Every structure is written in structure tokens, then in C-alpha cells.
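Heads up: the structure comes next, in C-alpha cells.
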Amino acid sequence: MLRHELLVSREWRAIGMAALVVIGLWVWAFLPRQPILRVTVLDVGQGDAIVVRAPGGETALVDSGPGGSGFNAGEKTVLPYLRKTGVRSLDAVVLTHPHEDHVAGMASVLRALPAKMLVDCGAPHASPGYAAVLKLVEEKDIPYHVARRGDEIRLGEITLKVLNPPEYRSGAGLNDRSVVLKVEYGETSILLAADAEREAEMDMLANCKNLQSTVLKVGHHGAEKATSEAFLDAVRPEVAIVSVGRNAFGHPSRETLDRFKRHGVRVYRTDRNGGVTIESDGKRVGISVCKETPAI
Ligand SMILES: [Zn+2]
Ligand SMILES: [Zn+2]
């Protein structure tokens with residue numbers, strides 16, 4: 001009798017546990033998920049192309065990589081990535097500056113997908129990739145904006161703050177006139193430093209209130225003249241991402257990589273890790289890479 005009761009109670013306990021699991025799963029399925037910001041630094045070889053996906057799905061493309069001699073990063077890498085991740089239109093396209101390693105892939109992206117606006121640093125430059133973009137802006141009637149420090153690009157729940165160039169920078173080199181953006185989400189932030197070098201860094205240090213960022217997309221592919229000690233001290237990133245491919249300029253420089261090491265910054269490089277994705281829930285940041293290999 002006792003034995004039988006024990007068996008019954010065990011059965012009931014099992015049924016109770018199963019019911020709890022089912023209820024638990026049901027509750028979990030309907031719990032509001034923490035929205036995620038995703039920023040992907042694509043592996044486009046020597047150049048930059050970055051996709052910013054806001055928690056609500058709004059999307060910005062920052063640069064579109066290089067092109068030339070039968071290769072076009074827009075067609076080969078950027079468009080396939082956008083299609084694979086379900087992006088059918090771009091809420092903002094930012095051209096940080098019109099050097100070919102940032103602009104050459106852009107015309108093919110603009111031809112294939114509708115864009116709600118194009119944001120540019122506004123510096124004149126005679127490159128074929130830039131001319132093709134300006135032609136498309138006119139043909140497709142894409143709203144065109146010149147970015148200046150203090151401007152903000154709203155992307156659903158998040159804001160892309162323009163830190164560079166300032167209003168008065170017209171004599172500086174093209175790299176120092178790059179559009180530098182700070183993507184903020186909750187307590188986390190990602191600084192996209194484009195090709196900014198020392199001159200732009202000094203200016204941002206003197207005029208921007210808060211440069212501190214969780215992640216730094218390193219300026220000018222890790223060039224020696226970018227990411228100065230003072231800039232790194234102000235940004236204090238936990239993670240640095242260098243967008244770089246085979247090049248004759250010595251990017252990234254040993255000095256810059258050593259600076260990261262001294263500051264205890266974890267470094268990822270697109271030439272070694274492939275595409276690098278930053279995910280943020282507003283509190284914490286996670287990094288995923290295509291290839292797990294030691295970065296330095
Ligand atoms: Zn560049
Ligand atoms: Zn450049």
C-alpha cells in the first residue's frame with residue numbers, strides 16, 4: 001500500500017514537473033526579448049564597410065569597401081551580407097570620406113537597394129567611385145546631407161552622433177575630414193573612427209565632451225599616425241577592431257598594435273578574423289568573429 005502510494009506520488013511529481021516545464025517554456029516564449037544592436041565590420045580587404053542594425057531593424061551602412069581590377073566589395077561582400085541578413089532598404093548610408101577604399105563599392109549597393117539618405121563629409125574629391133555615388137544620388141533623388149559635428153542620425157531607438165568633421169575644417173587632409181560616428185545604445189557605445197588621424201583626434205579631444213566608448217573601430221586601418229596615446233586614453237575601449245587587408249602602407253602599424261597591448265585592449269582584425277560583429281543589449285557587449293585566430 002505504502003509502496004503503491006509512493007508510486008502514485010512519483011507519477012504526480014513527474015506530471016507536475018512536466019507541467020512546470022511546459023508553463024515555463026510558454027512564459028519564456030512570451031517574455032519581451034531584450035532588443036539587440038548589431039554592428040558588423042565586414043571583411044572587405046583593405047578598406048571599410050560597416051553595417052549598423054538598430055534593435056528595431058533600422059539599418060545604416062557606413063562605407064562600402066574598395067573596388068577596381070575586376071573586384072568590387074559592394075557586389076562581392078556588402079550586398080550578399082545585406083541580403084543574407086534580410087536588409088531590403090537602407091535607412092542611412094554614410095560615406096565617411098571619398099577615398100576609393102571606402103567609396104568604390106558604394107554605387108553597386110545604391111543601385112541595388114533603396115536608400116533613405118546619404119550622409120557625406122562634403123569634401124570634394126575626384127575619384128571615380130565618388131563621382132558614381134554623386135550621380136546616383138541625383139538620379140535616384142536620394143536626400144543628401146553634409147555631416148558636421150553635433151549632427152545626429154536617428155536610427156529607431158539609437159542615435160549616431162557625428163563627432164567629426166567640425167564646421168571649420170576645410171584645409172585638413174581628407175582622412176582628417178572623415179565622418180566619425182559614435183553609436184550609443186544604453187550604457188554601451190561604439191566609436192567608428194573612419195580614417196581619422198592625429199589632427200582630427202586632437203580636435204575631437206579638445207571639443208567633444210565624451211569620447212569614452214566600449215568598442216573602437218580603429219582609425220585609418222591601424223596606421224601609425226592614428227589612435228594616439230591621448231586619444232586611446234580618452235576613448236578607453238575594451239575592444240578595438242582594425243578593418244584591414246593586404247596593403248603596401250604597413251597597416252596596421254606595430255606601434256599602434258603595441259599601444260593597444262599596453263592599454264590592455266583586446267584587438268580583432270578583419271584580415272585575420274574575417275567579419276567581426278559587435279552585439280549589445282544596452283548593458284553588455286559581445287563579439288563574434290568569422291575566424292577564431294589570435295589577432296596580434
Ligand atoms: Zn581607408
Ligand atoms: Zn582615407
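Each chain of the C-alpha cells is named A, B, ... in the order shown, its residues numbered from 1; ligands are numbered from 1 in display order.
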Practice prompt. Would you mind listing the residues within 8 Å of ligand 2, counting only C-alpha atoms and all ligand atoms, as a VMD selection string?
Written response: chain A and resid 97 to 102 174 to 175 178 194 to 196 220
Worksheet entry | At most 12 Å from ligand 1 (only C-alpha atoms and all ligand atoms): residue list as an MDAnalysis selection string | chainID A and resid 44:49 63:66 95:104 174:176 178 193:197 218:223 226 242:245 247 249 251:252
Item to complete: Please identify which residues in range 11-213 of chain A DSSP calls strand (DSSP E) from the backbone, and express them as a ChimeraX atom specification.
Response: /A:37-41,50-53,59-62,67-68,71-72,92-95,118-120,144-146,152-155,158-164,180-185,188-192
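For the pair CA of Val87 in chain A and CA of Glu58 in chain A, the separation is 8.8 Å.
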Practice prompt. Have a look at CA of Ala73 in chain A and CA of Cys290 in chain A and let me know their distance in Å, one decimal.
Written response: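 Result for CA of Ala73 in chain A versus CA of Cys290 in chain A: 17.2 Å, one decimal.
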Worksheet item: Near Gly282 in chain A, counting only C-alpha atoms, which residues have an atom at most 10 Å away, once you skip same-chain residues fewer than 5 positions from it, shown as number ranges by chain?
Response: A: 34-37, 55, 184-189
Deliver the residues from the most recent selection as a file, using N, CA, C and O atoms, as an mmCIF file, in the first residue's frame.
data_model
loop_
_atom_site.group_PDB
_atom_site.id
_atom_site.type_symbol
_atom_site.label_atom_id
_atom_site.label_comp_id
_atom_site.auth_asym_id
_atom_site.auth_seq_id
_atom_site.Cartn_x
_atom_site.Cartn_y
_atom_site.Cartn_z
ATOM 1 N N GLN A 34 15.180 41.243 -24.877
ATOM 2 C CA GLN A 34 15.988 42.460 -24.851
ATOM 3 C C GLN A 34 16.431 42.774 -26.285
ATOM 4 O O GLN A 34 17.059 41.941 -26.934
ATOM 5 N N PRO A 35 16.048 43.922 -26.804
ATOM 6 C CA PRO A 35 16.446 44.228 -28.187
ATOM 7 C C PRO A 35 17.965 44.358 -28.308
ATOM 8 O O PRO A 35 18.625 44.784 -27.372
ATOM 9 N N ILE A 36 18.464 43.975 -29.450
ATOM 10 C CA ILE A 36 19.913 43.907 -29.655
ATOM 11 C C ILE A 36 20.345 44.857 -30.778
ATOM 12 O O ILE A 36 19.732 44.899 -31.836
ATOM 13 N N LEU A 37 21.425 45.596 -30.508
ATOM 14 C CA LEU A 37 22.084 46.380 -31.551
ATOM 15 C C LEU A 37 23.207 45.513 -32.121
ATOM 16 O O LEU A 37 23.963 44.909 -31.364
ATOM 17 N N PRO A 55 18.164 48.009 -32.868
ATOM 18 C CA PRO A 55 17.319 46.963 -32.281
ATOM 19 C C PRO A 55 15.985 46.784 -32.998
ATOM 20 O O PRO A 55 15.448 45.681 -33.058
ATOM 21 N N GLU A 184 25.542 55.038 -29.886
ATOM 22 C CA GLU A 184 25.272 54.829 -28.463
ATOM 23 C C GLU A 184 24.024 53.988 -28.279
ATOM 24 O O GLU A 184 23.001 54.222 -28.936
ATOM 25 N N TYR A 185 24.128 53.004 -27.383
ATOM 26 C CA TYR A 185 22.948 52.201 -27.056
ATOM 27 C C TYR A 185 23.025 51.847 -25.570
ATOM 28 O O TYR A 185 23.911 51.085 -25.163
ATOM 29 N N GLY A 186 22.128 52.408 -24.794
ATOM 30 C CA GLY A 186 22.140 52.185 -23.344
ATOM 31 C C GLY A 186 23.466 52.624 -22.757
ATOM 32 O O GLY A 186 23.947 53.727 -23.030
ATOM 33 N N GLU A 187 24.060 51.699 -22.003
ATOM 34 C CA GLU A 187 25.345 52.037 -21.362
ATOM 35 C C GLU A 187 26.535 51.696 -22.261
ATOM 36 O O GLU A 187 27.681 51.828 -21.837
ATOM 37 N N THR A 188 26.273 51.216 -23.469
ATOM 38 C CA THR A 188 27.382 50.810 -24.343
ATOM 39 C C THR A 188 27.504 51.774 -25.533
ATOM 40 O O THR A 188 26.539 52.441 -25.902
ATOM 41 N N SER A 189 28.691 51.816 -26.107
ATOM 42 C CA SER A 189 28.878 52.677 -27.287
ATOM 43 C C SER A 189 30.002 52.159 -28.167
ATOM 44 O O SER A 189 30.913 51.474 -27.700
#
Worksheet item: When distances are computed from only C-alpha atoms, which of A:Met106, A:Val289, A:Ala92, A:Leu155 shows the smallest separation from Val78 in chain A?
Response: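 Looking at the shortest contact to Val78 in chain A, the residue is A:Met106.
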Practice prompt. Write down as a VMD selection string the residues of range 24-194 of chain A whose backbone DSSP state falls under alpha helix (DSSP H).
Written response: chain A and resid 24 to 30 73 79 to 84 100 to 103 106 to 112 128 to 139
Practice prompt. Using only C-alpha atoms, determine which residues lie at most 7 Å from Gly275 in chain A, disregarding the query and same-chain residues fewer than 3 positions distant; provide the list as a list of chain:residue names.
Written response: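 Listing them by chain and then by number gives A:Thr40, A:Val41, A:Leu42, A:Asp43, A:Thr270, A:Val289, A:Cys290.
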For the residues in that selection, give me C-alpha atoms as a PDB file, in the first residue's frame.
ATOM      1  CA  THR A  40      29.279  44.288 -38.239  1.00  0.00           C
ATOM      2  CA  VAL A  41      32.674  45.310 -39.552  1.00  0.00           C
ATOM      3  CA  LEU A  42      32.767  43.359 -42.805  1.00  0.00           C
ATOM      4  CA  ASP A  43      35.910  41.804 -44.229  1.00  0.00           C
ATOM      5  CA  THR A 270      39.321  41.675 -40.332  1.00  0.00           C
ATOM      6  CA  VAL A 289      34.117  36.589 -35.469  1.00  0.00           C
ATOM      7  CA  CYS A 290      34.149  34.519 -38.643  1.00  0.00           C
TER       8      CYS A 290
END
Fill in: Computed interatomic separation between CA of Ala240 in chain A and CA of Glu255 in chain A (Å)
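CA of Glu255 in chain A lies at a distance of 14.5 Å from CA of Ala240 in chain A.
When only C-alpha atoms are used to measure the gap to Ala115 in chain A, the shortest distance among A:Leu61, A:Leu211, A:Ala172, A:Leu134 belongs to A:Leu61.
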